[in-house]
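See below for my_file.pdb, which holds PDB, N, CA and C atoms, pLDDT in the B column.
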```
ATOM      1  N   MET A 754       8.797 -28.517 -17.017  1.00 83.00           N
ATOM      2  CA  MET A 754       9.427 -27.353 -17.620  1.00 83.00           C
ATOM      3  C   MET A 754       8.382 -26.370 -18.142  1.00 83.00           C
ATOM      4  N   THR A 755       7.254 -26.876 -18.613  1.00 90.00           N
ATOM      5  CA  THR A 755       6.233 -25.970 -19.121  1.00 90.00           C
ATOM      6  C   THR A 755       5.588 -25.181 -17.987  1.00 90.00           C
ATOM      7  N   GLY A 756       5.638 -25.750 -16.758  1.00 93.00           N
ATOM      8  CA  GLY A 756       5.101 -25.018 -15.613  1.00 93.00           C
ATOM      9  C   GLY A 756       5.892 -23.754 -15.348  1.00 93.00           C
ATOM     10  N   LEU A 757       7.219 -23.849 -15.477  1.00 94.00           N
ATOM     11  CA  LEU A 757       8.054 -22.663 -15.282  1.00 94.00           C
ATOM     12  C   LEU A 757       7.817 -21.630 -16.367  1.00 94.00           C
ATOM     13  N   ALA A 758       7.533 -22.088 -17.577  1.00 95.00           N
ATOM     14  CA  ALA A 758       7.270 -21.162 -18.680  1.00 95.00           C
ATOM     15  C   ALA A 758       5.987 -20.372 -18.439  1.00 95.00           C
ATOM     16  N   ILE A 759       5.104 -20.908 -17.611  1.00 95.00           N
ATOM     17  CA  ILE A 759       3.860 -20.202 -17.293  1.00 95.00           C
ATOM     18  C   ILE A 759       4.021 -19.361 -16.030  1.00 95.00           C
ATOM     19  N   LEU A 760       4.686 -19.932 -15.012  1.00 97.00           N
ATOM     20  CA  LEU A 760       4.760 -19.266 -13.720  1.00 97.00           C
ATOM     21  C   LEU A 760       5.721 -18.082 -13.687  1.00 97.00           C
ATOM     22  N   ILE A 761       6.809 -18.139 -14.418  1.00 97.00           N
ATOM     23  CA  ILE A 761       7.769 -17.029 -14.404  1.00 97.00           C
ATOM     24  C   ILE A 761       7.160 -15.749 -14.983  1.00 97.00           C
ATOM     25  N   PRO A 762       6.495 -15.779 -16.145  1.00 97.00           N
ATOM     26  CA  PRO A 762       5.864 -14.538 -16.623  1.00 97.00           C
ATOM     27  C   PRO A 762       4.756 -14.037 -15.700  1.00 97.00           C
ATOM     28  N   ILE A 763       4.027 -14.954 -15.064  1.00 97.00           N
ATOM     29  CA  ILE A 763       2.988 -14.539 -14.128  1.00 97.00           C
ATOM     30  C   ILE A 763       3.616 -13.829 -12.930  1.00 97.00           C
ATOM     31  N   ALA A 764       4.710 -14.399 -12.399  1.00 98.00           N
ATOM     32  CA  ALA A 764       5.388 -13.783 -11.255  1.00 98.00           C
ATOM     33  C   ALA A 764       5.971 -12.418 -11.623  1.00 98.00           C
ATOM     34  N   LEU A 765       6.548 -12.304 -12.792  1.00 98.00           N
ATOM     35  CA  LEU A 765       7.086 -11.019 -13.239  1.00 98.00           C
ATOM     36  C   LEU A 765       5.976  -9.993 -13.434  1.00 98.00           C
ATOM     37  N   GLY A 766       4.865 -10.429 -13.987  1.00 98.00           N
ATOM     38  CA  GLY A 766       3.728  -9.524 -14.176  1.00 98.00           C
ATOM     39  C   GLY A 766       3.169  -9.037 -12.847  1.00 98.00           C
ATOM     40  N   MET A 767       3.053  -9.948 -11.877  1.00 98.00           N
ATOM     41  CA  MET A 767       2.547  -9.537 -10.566  1.00 98.00           C
ATOM     42  C   MET A 767       3.517  -8.586  -9.872  1.00 98.00           C
ATOM     43  N   GLY A 768       4.814  -8.804 -10.056  1.00 98.00           N
ATOM     44  CA  GLY A 768       5.804  -7.894  -9.498  1.00 98.00           C
ATOM     45  C   GLY A 768       5.713  -6.508 -10.114  1.00 98.00           C
ATOM     46  N   LEU A 769       5.508  -6.453 -11.423  1.00 98.00           N
ATOM     47  CA  LEU A 769       5.371  -5.163 -12.102  1.00 98.00           C
ATOM     48  C   LEU A 769       4.086  -4.447 -11.686  1.00 98.00           C
ATOM     49  N   ILE A 770       3.016  -5.205 -11.466  1.00 98.00           N
ATOM     50  CA  ILE A 770       1.768  -4.593 -10.994  1.00 98.00           C
ATOM     51  C   ILE A 770       1.960  -4.019  -9.594  1.00 98.00           C
ATOM     52  N   GLY A 771       2.647  -4.752  -8.713  1.00 98.00           N
ATOM     53  CA  GLY A 771       2.919  -4.251  -7.369  1.00 98.00           C
ATOM     54  C   GLY A 771       3.810  -3.018  -7.382  1.00 98.00           C
ATOM     55  N   LEU A 772       4.820  -3.029  -8.233  1.00 98.00           N
ATOM     56  CA  LEU A 772       5.709  -1.869  -8.347  1.00 98.00           C
ATOM     57  C   LEU A 772       4.948  -0.664  -8.891  1.00 98.00           C
ATOM     58  N   GLY A 773       4.077  -0.900  -9.859  1.00 97.00           N
ATOM     59  CA  GLY A 773       3.257   0.186 -10.400  1.00 97.00           C
ATOM     60  C   GLY A 773       2.314   0.756  -9.353  1.00 97.00           C
ATOM     61  N   ALA A 774       1.723  -0.122  -8.522  1.00 96.00           N
ATOM     62  CA  ALA A 774       0.834   0.348  -7.457  1.00 96.00           C
ATOM     63  C   ALA A 774       1.608   1.159  -6.418  1.00 96.00           C
ATOM     64  N   PHE A 775       2.834   0.737  -6.127  1.00 95.00           N
ATOM     65  CA  PHE A 775       3.661   1.493  -5.184  1.00 95.00           C
ATOM     66  C   PHE A 775       3.983   2.881  -5.723  1.00 95.00           C
ATOM     67  N   PHE A 776       4.407   2.971  -6.967  1.00 95.00           N
ATOM     68  CA  PHE A 776       4.728   4.279  -7.542  1.00 95.00           C
ATOM     69  C   PHE A 776       3.484   5.152  -7.671  1.00 95.00           C
ATOM     70  N   TRP A 777       2.339   4.549  -7.961  1.00 96.00           N
ATOM     71  CA  TRP A 777       1.085   5.308  -8.034  1.00 96.00           C
ATOM     72  C   TRP A 777       0.741   5.886  -6.661  1.00 96.00           C
ATOM     73  N   SER A 778       0.923   5.090  -5.591  1.00 93.00           N
ATOM     74  CA  SER A 778       0.615   5.602  -4.257  1.00 93.00           C
ATOM     75  C   SER A 778       1.608   6.679  -3.840  1.00 93.00           C
ATOM     76  N   MET A 779       2.853   6.581  -4.275  1.00 92.00           N
ATOM     77  CA  MET A 779       3.829   7.637  -3.978  1.00 92.00           C
ATOM     78  C   MET A 779       3.436   8.932  -4.691  1.00 92.00           C
ATOM     79  N   LYS A 780       3.006   8.820  -5.939  1.00 92.00           N
ATOM     80  CA  LYS A 780       2.607  10.006  -6.705  1.00 92.00           C
ATOM     81  C   LYS A 780       1.328  10.616  -6.145  1.00 92.00           C
ATOM     82  N   ASP A 781       0.460   9.789  -5.604  1.00 91.00           N
ATOM     83  CA  ASP A 781      -0.825  10.238  -5.081  1.00 91.00           C
ATOM     84  C   ASP A 781      -0.703  10.869  -3.692  1.00 91.00           C
ATOM     85  N   GLY A 782       0.462  10.773  -3.054  1.00 86.00           N
ATOM     86  CA  GLY A 782       0.671  11.406  -1.759  1.00 86.00           C
ATOM     87  C   GLY A 782       0.279  10.544  -0.572  1.00 86.00           C
ATOM     88  N   GLN A 783       0.294   9.241  -0.734  1.00 84.00           N
ATOM     89  CA  GLN A 783      -0.124   8.335   0.332  1.00 84.00           C
ATOM     90  C   GLN A 783       0.839   8.379   1.517  1.00 84.00           C
ATOM     91  N   TYR A 784       2.111   8.626   1.278  1.00 83.00           N
ATOM     92  CA  TYR A 784       3.120   8.534   2.329  1.00 83.00           C
ATOM     93  C   TYR A 784       3.649   9.896   2.768  1.00 83.00           C
ATOM     94  N   GLU A 785       2.894  10.955   2.591  1.00 84.00           N
ATOM     95  CA  GLU A 785       3.396  12.284   2.916  1.00 84.00           C
ATOM     96  C   GLU A 785       3.387  12.577   4.409  1.00 84.00           C
ATOM     97  N   ASP A 786       2.383  12.136   5.143  1.00 81.00           N
ATOM     98  CA  ASP A 786       2.256  12.489   6.554  1.00 81.00           C
ATOM     99  C   ASP A 786       2.313  11.231   7.416  1.00 81.00           C
ATOM    100  N   MET A 787       3.496  10.657   7.536  1.00 78.00           N
ATOM    101  CA  MET A 787       3.631   9.429   8.316  1.00 78.00           C
ATOM    102  C   MET A 787       3.534   9.695   9.818  1.00 78.00           C
ATOM    103  N   ASP A 788       4.019  10.841  10.280  1.00 84.00           N
ATOM    104  CA  ASP A 788       3.963  11.144  11.716  1.00 84.00           C
ATOM    105  C   ASP A 788       2.544  11.462  12.163  1.00 84.00           C
ATOM    106  N   GLY A 789       1.772  12.103  11.331  1.00 80.00           N
ATOM    107  CA  GLY A 789       0.392  12.435  11.690  1.00 80.00           C
ATOM    108  C   GLY A 789      -0.449  11.203  11.910  1.00 80.00           C
ATOM    109  N   ALA A 790      -0.277  10.198  11.077  1.00 73.00           N
ATOM    110  CA  ALA A 790      -1.044   8.965  11.233  1.00 73.00           C
ATOM    111  C   ALA A 790      -0.617   8.219  12.489  1.00 73.00           C
ATOM    112  N   ALA A 791       0.664   8.281  12.833  1.00 79.00           N
ATOM    113  CA  ALA A 791       1.143   7.601  14.032  1.00 79.00           C
ATOM    114  C   ALA A 791       0.647   8.310  15.292  1.00 79.00           C
ATOM    115  N   ASN A 792       0.561   9.620  15.275  1.00 82.00           N
ATOM    116  CA  ASN A 792       0.115  10.364  16.453  1.00 82.00           C
ATOM    117  C   ASN A 792      -1.397  10.390  16.586  1.00 82.00           C
ATOM    118  N   ARG A 793      -2.114  10.207  15.503  1.00 80.00           N
ATOM    119  CA  ARG A 793      -3.567  10.273  15.534  1.00 80.00           C
ATOM    120  C   ARG A 793      -4.172   9.157  16.385  1.00 80.00           C
ATOM    121  N   ILE A 794      -3.499   8.021  16.457  1.00 80.00           N
ATOM    122  CA  ILE A 794      -4.031   6.917  17.247  1.00 80.00           C
ATOM    123  C   ILE A 794      -3.928   7.199  18.741  1.00 80.00           C
ATOM    124  N   LEU A 795      -3.031   8.102  19.125  1.00 82.00           N
ATOM    125  CA  LEU A 795      -2.837   8.417  20.543  1.00 82.00           C
ATOM    126  C   LEU A 795      -3.795   9.481  21.057  1.00 82.00           C
ATOM    127  N   ILE A 796      -4.469  10.198  20.160  1.00 80.00           N
ATOM    128  CA  ILE A 796      -5.379  11.262  20.568  1.00 80.00           C
ATOM    129  C   ILE A 796      -6.658  10.636  21.097  1.00 80.00           C
ATOM    130  N   ASP A 797      -7.020  11.012  22.307  1.00 76.00           N
ATOM    131  CA  ASP A 797      -8.224  10.458  22.932  1.00 76.00           C
ATOM    132  C   ASP A 797      -9.384  11.417  22.691  1.00 76.00           C
ATOM    133  N   GLU A 798     -10.252  11.048  21.778  1.00 74.00           N
ATOM    134  CA  GLU A 798     -11.417  11.873  21.481  1.00 74.00           C
ATOM    135  C   GLU A 798     -12.605  11.315  22.260  1.00 74.00           C
ATOM    136  N   GLU A 799     -13.252  12.176  23.018  1.00 70.00           N
ATOM    137  CA  GLU A 799     -14.398  11.717  23.786  1.00 70.00           C
ATOM    138  C   GLU A 799     -15.642  11.721  22.897  1.00 70.00           C
ATOM    139  N   ASP A 800     -16.405  10.667  23.015  1.00 65.00           N
ATOM    140  CA  ASP A 800     -17.634  10.575  22.236  1.00 65.00           C
ATOM    141  C   ASP A 800     -18.700  11.491  22.829  1.00 65.00           C
ATOM    142  N   GLU A 801     -19.478  12.096  21.952  1.00 62.00           N
ATOM    143  CA  GLU A 801     -20.557  12.953  22.421  1.00 62.00           C
ATOM    144  C   GLU A 801     -21.714  12.097  22.921  1.00 62.00           C
ATOM    145  N   PRO A 802     -22.330  12.467  24.034  1.00 61.00           N
ATOM    146  CA  PRO A 802     -23.449  11.666  24.523  1.00 61.00           C
ATOM    147  C   PRO A 802     -24.653  11.775  23.573  1.00 61.00           C
ATOM    148  N   VAL A 803     -25.326  10.679  23.444  1.00 61.00           N
ATOM    149  CA  VAL A 803     -26.463  10.629  22.511  1.00 61.00           C
ATOM    150  C   VAL A 803     -27.738  10.979  23.216  1.00 61.00           C
TER     151      VAL A 803
END
```

Before we go any further, please render this structure as structure tokens.
Amino acid sequence: MTGLAILIPIALGMGLIGLGAFFWSMKDGQYEDMDGAANRILIDEEDEPV
């Protein structure tokens, strides 16, 4: 029973940290250009000769 008393607050704390990181990334503009990142992988850029 004491294991649950330790693990439940740890799990809740980790969940709150993850939720905070998600909201921080939303505020920072991480998810604004989802189509640009998907199309960027398809662009074939030729390397310049050395």

Run DSSP on the backbone and tell me which residues of chain A come out as alpha helix (DSSP H); list them as a PyMOL selection string. chain A and resi 755-781+787-793

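Atom C of Gly768 of chain A is positioned 23.0 Å from atom CA of Glu785 of chain A.
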
If I take atom C of Ala790 of chain A and atom N of Phe775 of chain A, how far is one from the other in Å, to one decimal? 20.4 Å

Mind pulling up the distance from atom C of Leu765 of chain A to atom N of Ser778 of chain A? 17.7 Å
